[in-house]
Amino acid sequence: MVKVPGAVIAAGGLVGGYGVARWTKKRPLGGVVLAVAGAAAARQWRREAGGAAAGALTVAYVAAFAGSHPLAKKVGAWPSVFGVAGAVAVVSWAVADRRS
């Protein structure tokens with residue numbers, strides 16, 4: 001089985017969650033994508049870097065989601081989502097994924 005890095009899962013969850021919410025016009029459906037990807041990323045982070053790191057990265061994931069909203073008012077929705085997804089991916093790689 002192929003192991004997908006937590007950085008990819010988290011960034012995909014942020015981008016995919018927004019995309020699903022936008023294209024289906026059903027925000028709760030986008031939230032499901034965001035939550036499932038966040039849980040999968042947290043599980044991967046825990047395996048790779050332990051519970052404390054997974055907790056911190058999960059907080060970063062949620063903060064990125066929340067922070068994308070006010071940022072979108074300044075730079076636009078898609079640039080905001082891609083920006084926070086990239087930031088979470090970089091932090092995830094630095095904390096957990098580069099170890100493997």
# chains A, B, ... in the order shown; residues from 1 in each chain; ligands from 1

$ residues_around --residues "A:His69" --least-positions-apart "3" --cutoff "12 Å" --atoms "only C-alpha atoms" --output "list in words"
Leu14, Tyr18, Val62, Ala63, Ala64, Phe65, Ala66, Ala72, Lys73, Lys74, Val75, Gly76, Ala77, Trp78, Pro79, Ser80, Val81, Gly83 and Val84 of chain A

$ residues_around --residues "A:Arg99" --least-positions-apart "6" --cutoff "10 Å" --atoms "only C-alpha atoms" --output "ChimeraX atom specification"
/A:48-49,93

$ write_last_selection --atoms "C-alpha atoms" --output "PDB file, in the first residue's frame"
ATOM      1  CA  GLU A  48       5.309   9.740  11.782  1.00  0.00           C
ATOM      2  CA  ALA A  49       6.001  12.255  14.569  1.00  0.00           C
ATOM      3  CA  TRP A  93       6.709  18.292   5.871  1.00  0.00           C
TER       4      TRP A  93
END

$ closest_residue --among "A:Val2, A:Gly12, A:Gly67, A:Arg43" --to "A:Gly30" --atoms "only C-alpha atoms"
A:Gly12

$ closest_residue --among "A:Gly50, A:Gly31, A:Gly55, A:Gly86" --to "A:Gly17" --atoms "only C-alpha atoms"
A:Gly31

$ closest_residue --among "A:Leu71, A:Ala40, A:Ala52, A:Ala60" --to "A:Ser92" --atoms "only C-alpha atoms"
A:Ala60

$ residues_around --residues "A:Gln44" --least-positions-apart "3" --cutoff "12 Å" --atoms "only C-alpha atoms" --output "ChimeraX atom specification"
/A:3-10,37-41,47-51,53-55,57-58,92-93,95-97,100

$ atom_distance --atom1 "atom CA of A:Val91" --atom2 "atom CA of A:Trp45"
11.3 Å

$ atom_distance --atom1 "atom CA of A:Thr24" --atom2 "atom CA of A:Val90"
28.8 Å

$ closest_residue --among "A:Val33, A:Ala21, A:Val88, A:Ala94" --to "A:Tyr61" --atoms "only C-alpha atoms"
A:Val88

$ atom_distance --atom1 "atom CA of A:Ala56" --atom2 "atom CA of A:Lys26"
29.0 Å
